[in-house]
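To start, the structure itself, in structure tokens.
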Amino acid sequence: DYTGINEMIDHGMGDQQTVAALALNAGVDMDMVSDAFSGTLKKSVEEGKVSAAAIDAACRRILEAKYKLGLFDNPYKYCDVNRPKKQIFTKEHRAIARKTASESFVLLKNEGVLPLSKKGTIAVVGPLANTRSNMPGTWSVAAVLDNAPSLVEGLREVVGDRAKVVTAKGSNLIGDADYEKRATMFGRELHRDNRTDRELLDEALKVAAGADVIVAALGESSEMSGESSSRTNLEMPDVQRALLQEFLKTGKPVVLVLFTGRPLVLTWEEEHVPAILNVWFGGSEAAYAISDVLFGDVNPSGKLTATFPQNVGQIPLFYNHKNTGRPLQEGRWFEKFRSNYLDVSNEPLYPFGYGLSYT
């Protein structure tokens, strides 16, 4: 991977010439970016650390790949500016993206709130309700971020004049401004609102007061997940939890549309929120796909590909763990000398493979 050969130096495997030779002799044909091959292999051949035959074999495999891609017939095949105009973001491809996204969402909980009706007034509130740039998810480096409609825009388009969609931000992503800045890099800003938390909350409650149902678009921004985006606290960010609590106090039906790229700790939400739809980050057509599922045009069918814990202290938690010498026995939950916790059960909040549907 990118600079991967040079990174072996920090693993204590030698200087650049040494790790380059190790990589080539192990079968790595291409050095991505780090210049370890171009800068050292000639010297390594001269010193007998790498054979010319090994370099020839690596070159051959690269050239064979280029040949299979048709680059010998047309070296600029993938540089043709007219090609993406015909093949990227087309009507047909967007339809596939919409269908794929809708099939990925996981219905975690539903106490009769979903599916929604395309009528009345729907309040779509939260820091992730009206952001286009966060919809495609992290590492969507070639995406034109402004092409993806926000959840609010998608819902409005889907309901047309049959229902009214109102919105407010309700809260910032996180109370800590510096944390939010780290979580919204690479053009994924949420345009932090400098009003007080109370002012943002009051505006949201005012908007929600006239609605028949509240759709709370909460969770992670796209850059809170993915490479180099670890978190120690996996619960709903502070100001978002406070916003959700206030929505529930209204007595109106609340649907949590959860954006996340990882398992979160949703123990409080599972206990209090009547409907939770985990939408991950669904790509360019996510807003339309979410609308399809919320209104029942598509029956949710996604299943969890990872286990969701009751709290962060249960991690690592997975379905195919090996037994210990003192396994937990049925009916003996708090026996001292068993493999169990003192404060929670051994079970996850949502197990691997979990996922509800409307049927």
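In the structure tokens, chains take the letters A, B, ... in the order shown, each chain's residues start at 1, and ligands count up from 1 in the order shown.
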Residues of segment 195-286 of chain A that have any atom at most 12 Å from an atom of segment 139-142 of chain A: could you tabulate them with the shortest-distance atom pair and the distance in Å to one decimal, using only C-alpha atoms, ordered by chain and increasing number, as JSON lines?
{"residue": "A:Ser222", "atom": "CA", "partner": "A:Trp139", "partner_atom": "CA", "distance": 8.9}
{"residue": "A:Glu223", "atom": "CA", "partner": "A:Trp139", "partner_atom": "CA", "distance": 8.5}
{"residue": "A:Met224", "atom": "CA", "partner": "A:Trp139", "partner_atom": "CA", "distance": 11.4}
{"residue": "A:Ser225", "atom": "CA", "partner": "A:Trp139", "partner_atom": "CA", "distance": 9.6}
{"residue": "A:Gly226", "atom": "CA", "partner": "A:Trp139", "partner_atom": "CA", "distance": 7.7}
{"residue": "A:Glu227", "atom": "CA", "partner": "A:Trp139", "partner_atom": "CA", "distance": 8.6}
{"residue": "A:Ser228", "atom": "CA", "partner": "A:Trp139", "partner_atom": "CA", "distance": 11.5}
{"residue": "A:Ser229", "atom": "CA", "partner": "A:Trp139", "partner_atom": "CA", "distance": 11.7}
{"residue": "A:Gly261", "atom": "CA", "partner": "A:Trp139", "partner_atom": "CA", "distance": 11.7}
{"residue": "A:Phe281", "atom": "CA", "partner": "A:Ser140", "partner_atom": "CA", "distance": 10.5}
{"residue": "A:Gly282", "atom": "CA", "partner": "A:Ser140", "partner_atom": "CA", "distance": 11.1}
{"residue": "A:Gly283", "atom": "CA", "partner": "A:Ser140", "partner_atom": "CA", "distance": 8.4}
{"residue": "A:Ser284", "atom": "CA", "partner": "A:Ser140", "partner_atom": "CA", "distance": 9.7}
Could you pull out the helix (DSSP H, G or I) residues of segment 76-184 of chain A, going by DSSP on the backbone, and write them as a PyMOL selection string? chain A and resi 77-79+82-87+91-104+145-147+151-159+177-182
Output N, CA and C atoms of each residue in that selection to a file, as a compact mmCIF listing (two decimals), in the first residue's frame.
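The result, written out as result.txt:
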# COMPACT_ATOMS: atom_id res chain seq x y z
N LYS A 77 -6.47 5.12 -22.28
CA LYS A 77 -7.84 4.63 -22.16
C LYS A 77 -8.56 5.19 -20.94
N TYR A 78 -7.86 5.25 -19.83
CA TYR A 78 -8.50 5.69 -18.59
C TYR A 78 -8.27 7.17 -18.30
N CYS A 79 -7.71 7.86 -19.27
CA CYS A 79 -7.53 9.31 -19.14
C CYS A 79 -8.49 10.06 -20.07
N ASN A 82 -14.03 11.95 -21.85
CA ASN A 82 -15.40 11.65 -22.29
C ASN A 82 -15.93 10.36 -21.68
N ARG A 83 -15.01 9.48 -21.27
CA ARG A 83 -15.43 8.19 -20.71
C ARG A 83 -16.24 8.35 -19.43
N PRO A 84 -15.76 9.11 -18.44
CA PRO A 84 -16.57 9.24 -17.22
C PRO A 84 -17.90 9.93 -17.45
N LYS A 85 -17.97 10.81 -18.46
CA LYS A 85 -19.24 11.47 -18.73
C LYS A 85 -20.31 10.47 -19.14
N LYS A 86 -19.88 9.38 -19.78
CA LYS A 86 -20.81 8.36 -20.24
C LYS A 86 -21.05 7.25 -19.22
N GLN A 87 -20.09 7.06 -18.31
CA GLN A 87 -20.13 5.87 -17.45
C GLN A 87 -20.25 6.15 -15.96
N LYS A 91 -27.84 7.53 -14.97
CA LYS A 91 -29.14 7.17 -14.43
C LYS A 91 -29.17 5.71 -14.01
N GLU A 92 -28.61 4.85 -14.86
CA GLU A 92 -28.62 3.41 -14.58
C GLU A 92 -27.76 3.08 -13.36
N HIS A 93 -26.59 3.67 -13.29
CA HIS A 93 -25.70 3.38 -12.18
C HIS A 93 -26.24 3.95 -10.86
N ARG A 94 -26.87 5.09 -10.92
CA ARG A 94 -27.45 5.67 -9.72
C ARG A 94 -28.60 4.81 -9.20
N ALA A 95 -29.35 4.22 -10.11
CA ALA A 95 -30.45 3.33 -9.69
C ALA A 95 -29.89 2.12 -8.94
N ILE A 96 -28.78 1.57 -9.44
CA ILE A 96 -28.14 0.44 -8.76
C ILE A 96 -27.60 0.87 -7.40
N ALA A 97 -27.01 2.07 -7.34
CA ALA A 97 -26.49 2.57 -6.07
C ALA A 97 -27.61 2.76 -5.05
N ARG A 98 -28.74 3.24 -5.51
CA ARG A 98 -29.89 3.45 -4.61
C ARG A 98 -30.40 2.11 -4.07
N LYS A 99 -30.53 1.13 -4.94
CA LYS A 99 -31.01 -0.19 -4.52
C LYS A 99 -30.02 -0.85 -3.57
N THR A 100 -28.74 -0.75 -3.90
CA THR A 100 -27.70 -1.34 -3.06
C THR A 100 -27.69 -0.73 -1.67
N ALA A 101 -27.80 0.59 -1.62
CA ALA A 101 -27.81 1.27 -0.32
C ALA A 101 -29.00 0.84 0.52
N SER A 102 -30.17 0.79 -0.09
CA SER A 102 -31.38 0.44 0.67
C SER A 102 -31.29 -0.97 1.23
N GLU A 103 -30.57 -1.85 0.55
CA GLU A 103 -30.43 -3.22 1.02
C GLU A 103 -29.37 -3.36 2.11
N SER A 104 -28.57 -2.31 2.31
CA SER A 104 -27.51 -2.37 3.32
C SER A 104 -27.98 -1.88 4.69
N LEU A 145 -18.77 15.73 -3.99
CA LEU A 145 -19.55 15.69 -2.75
C LEU A 145 -20.87 16.44 -2.87
N ASP A 146 -20.92 17.47 -3.69
CA ASP A 146 -22.14 18.26 -3.80
C ASP A 146 -23.21 17.56 -4.62
N ASN A 147 -22.84 16.45 -5.28
CA ASN A 147 -23.83 15.72 -6.08
C ASN A 147 -24.80 14.91 -5.22
N LEU A 151 -30.15 14.27 3.41
CA LEU A 151 -31.34 13.51 3.81
C LEU A 151 -32.59 14.36 3.67
N VAL A 152 -32.52 15.60 4.09
CA VAL A 152 -33.68 16.50 3.97
C VAL A 152 -34.09 16.65 2.51
N GLU A 153 -33.11 16.88 1.64
CA GLU A 153 -33.41 17.08 0.23
C GLU A 153 -34.01 15.82 -0.39
N GLY A 154 -33.45 14.66 -0.02
CA GLY A 154 -33.97 13.41 -0.56
C GLY A 154 -35.40 13.13 -0.12
N LEU A 155 -35.67 13.35 1.17
CA LEU A 155 -37.02 13.14 1.68
C LEU A 155 -38.03 14.07 1.01
N ARG A 156 -37.65 15.32 0.84
CA ARG A 156 -38.56 16.27 0.20
C ARG A 156 -38.87 15.87 -1.23
N GLU A 157 -37.87 15.38 -1.93
CA GLU A 157 -38.08 14.97 -3.31
C GLU A 157 -38.99 13.75 -3.39
N VAL A 158 -38.80 12.82 -2.46
CA VAL A 158 -39.58 11.58 -2.49
C VAL A 158 -41.04 11.82 -2.12
N VAL A 159 -41.30 12.67 -1.12
CA VAL A 159 -42.70 12.89 -0.70
C VAL A 159 -43.42 13.88 -1.61
N ALA A 177 -15.46 21.74 20.00
CA ALA A 177 -15.25 22.27 18.65
C ALA A 177 -14.00 21.69 17.99
N ASP A 178 -12.94 21.49 18.77
CA ASP A 178 -11.71 20.93 18.20
C ASP A 178 -11.93 19.47 17.75
N TYR A 179 -12.67 18.72 18.53
CA TYR A 179 -12.99 17.34 18.18
C TYR A 179 -13.80 17.32 16.88
N GLU A 180 -14.77 18.21 16.79
CA GLU A 180 -15.58 18.25 15.56
C GLU A 180 -14.73 18.59 14.35
N LYS A 181 -13.76 19.46 14.52
CA LYS A 181 -12.88 19.82 13.40
C LYS A 181 -12.10 18.61 12.93
N ARG A 182 -11.62 17.80 13.87
CA ARG A 182 -10.88 16.58 13.50
C ARG A 182 -11.80 15.56 12.83
Shell of 12 Å around Glu246 of chain A, only C-alpha atoms, local chain residues under 3 positions omitted, as a PyMOL selection string: chain A and resi 125+170-171+198+200-206+208-209+214+216+239-243+249-252+254+272-273
The residue from A:Ala123, A:Val165, A:Ala183, A:Ala21 with the smallest atom-to-atom distance to Thr138 of chain A, counting only C-alpha atoms, is A:Ala183
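Within the 12 Å cut-off around Val50 of chain A, using only C-alpha atoms and omitting residues fewer than 4 positions from it on the same chain, the listed residues are Gln17, Thr18, Val19, Ala20, Ala21, Leu22, Ala23, Leu24, Asn25, Ala26, Gly27, Phe37, Thr40, Leu41, Lys42, Lys43, Ser44, Val45, Glu46, Ala54, Ile55, Asp56, Ala57 and Ala58 of chain A.
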For atom CA of Leu234 of chain A and atom CA of Phe308 of chain A, determine how far apart the two atoms are, in Å to one decimal place.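 Going from atom CA of Leu234 of chain A over to atom CA of Phe308 of chain A, I get 10.3 Å.
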